[in-house]
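One structure is given below, encoded as structure tokens.
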Amino acid sequence: MEQALRTMLGMQDRMNTRVHPDWIGQDFAWYRALWIECAELIEHYGYKWWKKQAPDLEQVQLEVIDIWHFGLSALFATGDSIDTMAANIAADVGDFRPAGLDVREATEALALHALQSKGFSPRRFWELMLASGLDFDGLYSAYVGKNVLNFFRQDHGYQDGSYQKLWQGREDNEHLVEVLAALDSNAPDYAESVYAALRARYPGTAASARA
């Protein structure tokens with residue numbers, strides 16, 4: 001587990017550095033992005049008892065991965081090394097036993113902690129991860145995929161506003177779900193394969209890839 005955690009922390013650092021070279025020094029409000037992602041998760045899961053709703057579990061799990069991105073980023077505020085952070089997370093969740101919260105309850109508990117502490121709780125996240133149907137292996141493979149999508153977005157104009165988030169009438173996250181389902185997350189070139197598959201679907205690059 002610690003090696004996978006080190007890999008994800010390193011990928012998060014590289015992604016954040018791509019957005020801002022001194023991202024740690026900027027002291028961004030990661031906790032705020034985290035709890036807003038929690039609200040988006042609830043939208044996908046459903047909360048309107050006055051109408052028929054069916055949880056979109058694939059999108060719920062993608063929101064869990066987005067929360068993990070922001071949670072990992074928040075942990076860098078401690079100033080600890082990646083090795084230390086990975087060891088601390090592993091120790092924090094190593095003996096974890098779920099409390100049996102459902103997705104909405106686990107999401108609210110994580111969001112409440114973020115608002116109260118302006119930080120991130122791996123244990124509360126673990127409760128949400130398990131409630132959403134993910135395990136650590138699923139978290140890892142989906143995280144790598146979403147990290148690649150974030151790099152893809154940056155490479156195709158996310159910061160200047162030219163990136164197209166809708167492809168053939170669907171959000172890029174929905175395309176990512178299909179891409180990940182078709183690939184082997186244990187393959188050594190997994191990340192590169194995810195990027196290539198996204199490029200083959202993206203408007204403009206898809207046409208050039210077929211030429």
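In the structure tokens, the first chain shown is A, the next is B, and so on; residue numbers restart at 1 for each chain, and ligands run from 1 in the order shown.
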Give the helix (DSSP H, G or I) residues of range 61-181 of chain A, as DSSP finds them on the backbone, and put them as a compact mmCIF listing (two decimals) with N, CA, C and O atoms, in the first residue's frame.
```
# COMPACT_ATOMS: atom_id res chain seq x y z
N GLN A 61 -18.26 7.32 -7.96
CA GLN A 61 -16.89 6.87 -7.73
C GLN A 61 -15.88 7.83 -8.33
O GLN A 61 -14.80 8.05 -7.75
N LEU A 62 -16.20 8.43 -9.47
CA LEU A 62 -15.29 9.44 -10.04
C LEU A 62 -15.20 10.66 -9.13
O LEU A 62 -14.12 11.26 -9.00
N GLU A 63 -16.30 11.03 -8.50
CA GLU A 63 -16.25 12.15 -7.56
C GLU A 63 -15.40 11.77 -6.33
O GLU A 63 -14.68 12.61 -5.78
N VAL A 64 -15.48 10.51 -5.91
CA VAL A 64 -14.62 10.04 -4.81
C VAL A 64 -13.14 10.20 -5.20
O VAL A 64 -12.33 10.65 -4.39
N ILE A 65 -12.82 9.89 -6.44
CA ILE A 65 -11.44 10.04 -6.91
C ILE A 65 -11.04 11.51 -6.92
O ILE A 65 -9.92 11.87 -6.55
N ASP A 66 -11.95 12.39 -7.36
CA ASP A 66 -11.66 13.83 -7.34
C ASP A 66 -11.39 14.30 -5.91
O ASP A 66 -10.47 15.11 -5.67
N ILE A 67 -12.18 13.82 -4.98
CA ILE A 67 -11.97 14.18 -3.56
C ILE A 67 -10.59 13.72 -3.10
O ILE A 67 -9.89 14.44 -2.38
N TRP A 68 -10.19 12.54 -3.53
CA TRP A 68 -8.86 12.01 -3.17
C TRP A 68 -7.76 12.92 -3.71
O TRP A 68 -6.76 13.18 -3.01
N HIS A 69 -7.91 13.42 -4.93
CA HIS A 69 -6.94 14.37 -5.49
C HIS A 69 -6.77 15.57 -4.55
O HIS A 69 -5.64 15.96 -4.21
N PHE A 70 -7.88 16.16 -4.15
CA PHE A 70 -7.81 17.35 -3.31
C PHE A 70 -7.34 17.00 -1.90
O PHE A 70 -6.63 17.79 -1.26
N GLY A 71 -7.73 15.82 -1.40
CA GLY A 71 -7.27 15.39 -0.09
C GLY A 71 -5.77 15.19 -0.06
O GLY A 71 -5.09 15.66 0.88
N LEU A 72 -5.22 14.52 -1.06
CA LEU A 72 -3.77 14.35 -1.13
C LEU A 72 -3.07 15.70 -1.18
O LEU A 72 -2.05 15.91 -0.51
N SER A 73 -3.61 16.62 -1.96
CA SER A 73 -3.02 17.96 -2.07
C SER A 73 -2.99 18.66 -0.72
O SER A 73 -2.01 19.30 -0.35
N ALA A 74 -4.09 18.52 0.04
CA ALA A 74 -4.18 19.17 1.35
C ALA A 74 -3.12 18.66 2.31
O ALA A 74 -2.62 19.40 3.17
N LEU A 75 -2.75 17.38 2.17
CA LEU A 75 -1.79 16.79 3.10
C LEU A 75 -0.39 17.39 2.96
O LEU A 75 0.40 17.35 3.90
N PHE A 76 -0.08 17.95 1.79
CA PHE A 76 1.24 18.54 1.59
C PHE A 76 1.46 19.76 2.47
O PHE A 76 2.60 20.19 2.66
N ALA A 77 0.39 20.32 3.03
CA ALA A 77 0.52 21.50 3.89
C ALA A 77 1.32 21.20 5.15
O ALA A 77 1.84 22.11 5.80
N THR A 78 1.42 19.91 5.50
CA THR A 78 2.18 19.54 6.71
C THR A 78 3.68 19.77 6.54
O THR A 78 4.40 19.89 7.54
N ILE A 82 7.07 12.95 0.97
CA ILE A 82 6.12 12.00 0.40
C ILE A 82 6.20 10.66 1.12
O ILE A 82 5.17 10.04 1.41
N ASP A 83 7.40 10.22 1.45
CA ASP A 83 7.55 8.95 2.17
C ASP A 83 6.84 9.01 3.52
O ASP A 83 6.15 8.06 3.92
N THR A 84 6.99 10.12 4.23
CA THR A 84 6.36 10.27 5.55
C THR A 84 4.85 10.32 5.42
O THR A 84 4.12 9.69 6.19
N MET A 85 4.35 11.08 4.44
CA MET A 85 2.90 11.16 4.24
C MET A 85 2.32 9.80 3.90
O MET A 85 1.26 9.42 4.42
N ALA A 86 3.00 9.05 3.03
CA ALA A 86 2.51 7.73 2.65
C ALA A 86 2.47 6.81 3.86
O ALA A 86 1.48 6.07 4.06
N ALA A 87 3.50 6.86 4.68
CA ALA A 87 3.54 6.02 5.89
C ALA A 87 2.44 6.42 6.86
O ALA A 87 1.80 5.56 7.48
N ASN A 88 2.20 7.72 6.98
CA ASN A 88 1.15 8.19 7.90
C ASN A 88 -0.24 7.76 7.45
O ASN A 88 -1.08 7.36 8.27
N ILE A 89 -0.50 7.86 6.13
CA ILE A 89 -1.81 7.43 5.62
C ILE A 89 -1.99 5.93 5.85
O ILE A 89 -3.03 5.47 6.32
N ALA A 90 -0.96 5.15 5.53
CA ALA A 90 -1.04 3.70 5.69
C ALA A 90 -1.30 3.33 7.14
O ALA A 90 -2.09 2.43 7.44
N ALA A 91 -0.64 4.03 8.06
CA ALA A 91 -0.85 3.76 9.48
C ALA A 91 -2.25 4.17 9.92
O ALA A 91 -2.88 3.49 10.74
N ASP A 92 -2.74 5.26 9.36
CA ASP A 92 -4.05 5.80 9.75
C ASP A 92 -5.18 4.87 9.34
O ASP A 92 -6.17 4.70 10.06
N VAL A 93 -5.05 4.24 8.16
CA VAL A 93 -6.15 3.41 7.64
C VAL A 93 -5.86 1.92 7.74
O VAL A 93 -6.71 1.10 7.37
N VAL A 103 -23.53 6.13 1.63
CA VAL A 103 -22.76 7.09 0.83
C VAL A 103 -23.02 8.53 1.26
O VAL A 103 -22.10 9.33 1.44
N ARG A 104 -24.29 8.87 1.46
CA ARG A 104 -24.61 10.25 1.84
C ARG A 104 -24.05 10.60 3.22
O ARG A 104 -23.47 11.67 3.41
N GLU A 105 -24.20 9.68 4.17
CA GLU A 105 -23.70 9.94 5.52
C GLU A 105 -22.18 10.06 5.55
O GLU A 105 -21.62 10.94 6.21
N ALA A 106 -21.51 9.18 4.81
CA ALA A 106 -20.04 9.21 4.77
C ALA A 106 -19.55 10.49 4.09
O ALA A 106 -18.55 11.08 4.51
N THR A 107 -20.26 10.91 3.05
CA THR A 107 -19.89 12.15 2.35
C THR A 107 -20.05 13.35 3.27
O THR A 107 -19.18 14.24 3.32
N GLU A 108 -21.15 13.39 4.00
CA GLU A 108 -21.40 14.51 4.91
C GLU A 108 -20.37 14.55 6.04
O GLU A 108 -19.92 15.63 6.45
N ALA A 109 -19.97 13.37 6.55
CA ALA A 109 -18.97 13.32 7.62
C ALA A 109 -17.63 13.86 7.13
O ALA A 109 -16.94 14.60 7.85
N LEU A 110 -17.26 13.51 5.90
CA LEU A 110 -16.00 13.99 5.34
C LEU A 110 -16.06 15.50 5.09
O LEU A 110 -15.11 16.24 5.40
N ALA A 111 -17.17 15.96 4.53
CA ALA A 111 -17.33 17.39 4.25
C ALA A 111 -17.34 18.20 5.54
O ALA A 111 -16.72 19.28 5.62
N LEU A 112 -18.01 17.70 6.58
CA LEU A 112 -18.05 18.40 7.86
C LEU A 112 -16.66 18.52 8.45
O LEU A 112 -16.26 19.59 8.94
N HIS A 113 -15.89 17.45 8.39
CA HIS A 113 -14.51 17.50 8.91
C HIS A 113 -13.69 18.53 8.14
O HIS A 113 -12.92 19.30 8.73
N ALA A 114 -13.85 18.56 6.81
CA ALA A 114 -13.11 19.52 5.99
C ALA A 114 -13.45 20.95 6.37
O ALA A 114 -12.56 21.81 6.48
N LEU A 115 -14.72 21.22 6.58
CA LEU A 115 -15.15 22.57 6.93
C LEU A 115 -14.67 22.97 8.32
O LEU A 115 -14.29 24.12 8.54
N GLN A 116 -14.70 22.03 9.24
CA GLN A 116 -14.31 22.35 10.61
C GLN A 116 -12.79 22.47 10.78
O GLN A 116 -12.31 23.32 11.52
N SER A 117 -12.05 21.61 10.10
CA SER A 117 -10.60 21.57 10.28
C SER A 117 -9.82 22.28 9.18
O SER A 117 -8.63 22.55 9.34
N PRO A 122 -7.93 11.06 6.09
CA PRO A 122 -7.91 9.80 5.32
C PRO A 122 -8.90 8.77 5.86
O PRO A 122 -9.50 8.03 5.08
N ARG A 123 -9.09 8.71 7.17
CA ARG A 123 -10.02 7.71 7.74
C ARG A 123 -11.46 8.01 7.32
O ARG A 123 -12.21 7.08 6.99
N ARG A 124 -11.85 9.26 7.35
CA ARG A 124 -13.21 9.58 6.90
C ARG A 124 -13.35 9.34 5.40
O ARG A 124 -14.41 8.94 4.93
N PHE A 125 -12.27 9.59 4.67
CA PHE A 125 -12.30 9.29 3.24
C PHE A 125 -12.46 7.79 3.02
O PHE A 125 -13.19 7.36 2.12
N TRP A 126 -11.78 6.99 3.82
CA TRP A 126 -11.85 5.53 3.67
C TRP A 126 -13.28 5.04 3.85
O TRP A 126 -13.72 4.13 3.15
N GLU A 127 -14.00 5.63 4.79
CA GLU A 127 -15.40 5.28 5.00
C GLU A 127 -16.20 5.55 3.73
O GLU A 127 -17.02 4.72 3.30
N LEU A 128 -15.97 6.71 3.10
CA LEU A 128 -16.67 7.05 1.88
C LEU A 128 -16.25 6.14 0.73
O LEU A 128 -17.09 5.68 -0.05
N MET A 129 -14.96 5.89 0.61
CA MET A 129 -14.46 5.02 -0.46
C MET A 129 -15.15 3.66 -0.42
O MET A 129 -15.66 3.17 -1.44
N LEU A 130 -15.21 3.05 0.75
CA LEU A 130 -15.82 1.73 0.88
C LEU A 130 -17.33 1.79 0.66
O LEU A 130 -17.92 0.91 0.03
N ALA A 131 -17.96 2.84 1.18
CA ALA A 131 -19.41 2.98 1.02
C ALA A 131 -19.79 3.11 -0.46
O ALA A 131 -20.87 2.66 -0.87
N PHE A 136 -9.09 -0.32 -2.26
CA PHE A 136 -7.86 0.44 -2.50
C PHE A 136 -7.34 0.22 -3.92
O PHE A 136 -6.86 1.17 -4.56
N ASP A 137 -7.42 -1.01 -4.43
CA ASP A 137 -6.96 -1.27 -5.79
C ASP A 137 -7.78 -0.46 -6.80
O ASP A 137 -7.24 0.10 -7.76
N GLY A 138 -9.10 -0.40 -6.57
CA GLY A 138 -9.94 0.40 -7.45
C GLY A 138 -9.64 1.87 -7.35
O GLY A 138 -9.64 2.59 -8.35
N LEU A 139 -9.35 2.34 -6.14
CA LEU A 139 -8.95 3.73 -5.93
C LEU A 139 -7.69 4.04 -6.72
O LEU A 139 -7.61 5.06 -7.42
N TYR A 140 -6.71 3.16 -6.62
CA TYR A 140 -5.43 3.39 -7.28
C TYR A 140 -5.58 3.47 -8.80
O TYR A 140 -5.11 4.42 -9.44
N SER A 141 -6.25 2.47 -9.40
CA SER A 141 -6.37 2.45 -10.86
C SER A 141 -7.18 3.64 -11.37
O SER A 141 -6.84 4.25 -12.39
N ALA A 142 -8.26 3.98 -10.64
CA ALA A 142 -9.08 5.12 -11.07
C ALA A 142 -8.35 6.44 -10.85
O ALA A 142 -8.48 7.36 -11.66
N TYR A 143 -7.58 6.54 -9.77
CA TYR A 143 -6.82 7.77 -9.53
C TYR A 143 -5.82 8.01 -10.66
O TYR A 143 -5.70 9.14 -11.16
N VAL A 144 -5.08 6.97 -11.03
CA VAL A 144 -4.11 7.14 -12.11
C VAL A 144 -4.82 7.60 -13.38
O VAL A 144 -4.36 8.52 -14.07
N GLY A 145 -5.98 6.99 -13.67
CA GLY A 145 -6.73 7.40 -14.85
C GLY A 145 -7.15 8.85 -14.81
O GLY A 145 -7.00 9.59 -15.79
N LYS A 146 -7.68 9.30 -13.66
CA LYS A 146 -8.14 10.68 -13.56
C LYS A 146 -6.97 11.65 -13.57
O LYS A 146 -7.08 12.76 -14.12
N ASN A 147 -5.84 11.25 -12.99
CA ASN A 147 -4.65 12.10 -13.03
C ASN A 147 -4.22 12.31 -14.49
O ASN A 147 -3.86 13.42 -14.88
N VAL A 148 -4.27 11.25 -15.27
CA VAL A 148 -3.92 11.36 -16.70
C VAL A 148 -4.90 12.29 -17.40
O VAL A 148 -4.50 13.12 -18.22
N LEU A 149 -6.19 12.16 -17.08
CA LEU A 149 -7.18 13.07 -17.69
C LEU A 149 -6.87 14.52 -17.32
O LEU A 149 -6.99 15.42 -18.17
N ASN A 150 -6.46 14.76 -16.10
CA ASN A 150 -6.12 16.13 -15.70
C ASN A 150 -4.93 16.66 -16.50
O ASN A 150 -4.92 17.83 -16.91
N PHE A 151 -3.93 15.82 -16.73
CA PHE A 151 -2.81 16.23 -17.58
C PHE A 151 -3.29 16.47 -19.01
O PHE A 151 -2.86 17.43 -19.67
N PHE A 152 -4.18 15.61 -19.49
CA PHE A 152 -4.73 15.76 -20.84
C PHE A 152 -5.45 17.10 -20.95
O PHE A 152 -5.31 17.81 -21.95
N ARG A 153 -6.22 17.45 -19.94
CA ARG A 153 -6.92 18.73 -19.95
C ARG A 153 -5.94 19.89 -20.03
O ARG A 153 -6.14 20.84 -20.80
N GLN A 154 -4.89 19.83 -19.23
CA GLN A 154 -3.89 20.89 -19.25
C GLN A 154 -3.21 21.00 -20.61
O GLN A 154 -2.96 22.09 -21.12
N ASP A 155 -2.94 19.85 -21.22
CA ASP A 155 -2.28 19.83 -22.53
C ASP A 155 -3.17 20.38 -23.64
O ASP A 155 -2.67 20.75 -24.71
N ASP A 172 -16.14 14.61 -20.43
CA ASP A 172 -14.91 13.82 -20.54
C ASP A 172 -14.82 12.75 -19.45
O ASP A 172 -14.25 11.67 -19.66
N ASN A 173 -15.38 13.02 -18.26
CA ASN A 173 -15.38 12.01 -17.20
C ASN A 173 -16.10 10.74 -17.64
O ASN A 173 -15.70 9.63 -17.25
N GLU A 174 -17.17 10.89 -18.40
CA GLU A 174 -17.91 9.72 -18.86
C GLU A 174 -17.09 8.92 -19.86
O GLU A 174 -17.10 7.68 -19.85
N HIS A 175 -16.36 9.61 -20.72
CA HIS A 175 -15.46 8.92 -21.64
C HIS A 175 -14.36 8.20 -20.87
O HIS A 175 -13.96 7.08 -21.22
N LEU A 176 -13.87 8.84 -19.81
CA LEU A 176 -12.82 8.22 -19.01
C LEU A 176 -13.28 6.90 -18.42
O LEU A 176 -12.51 5.92 -18.39
N VAL A 177 -14.52 6.85 -17.92
CA VAL A 177 -15.05 5.60 -17.35
C VAL A 177 -14.96 4.47 -18.38
O VAL A 177 -14.53 3.36 -18.07
N GLU A 178 -15.35 4.75 -19.62
CA GLU A 178 -15.30 3.73 -20.67
C GLU A 178 -13.87 3.34 -21.00
O GLU A 178 -13.57 2.16 -21.21
N VAL A 179 -12.99 4.32 -21.03
CA VAL A 179 -11.58 4.05 -21.34
C VAL A 179 -10.97 3.14 -20.28
O VAL A 179 -10.30 2.14 -20.60
N LEU A 180 -11.20 3.45 -19.01
CA LEU A 180 -10.61 2.67 -17.93
C LEU A 180 -11.14 1.24 -17.93
O LEU A 180 -10.41 0.30 -17.62
N ALA A 181 -12.42 1.07 -18.26
CA ALA A 181 -13.03 -0.26 -18.27
C ALA A 181 -12.40 -1.17 -19.32
O ALA A 181 -12.43 -2.40 -19.19
```
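Between Gly119 in chain A and the candidates A:Ala191, A:Ala33, A:Met1, A:Met15, the tightest atom-to-atom separation, counting only C-alpha atoms, involves A:Ala33.
CA of Gly204 in chain A lies 10.5 Å from CA of His156 in chain A.
Of the listed residues (A:Val19, A:Thr7, A:Lys48, A:Ala29), A:Ala29 comes nearest to Phe120 in chain A; the distances count only C-alpha atoms.
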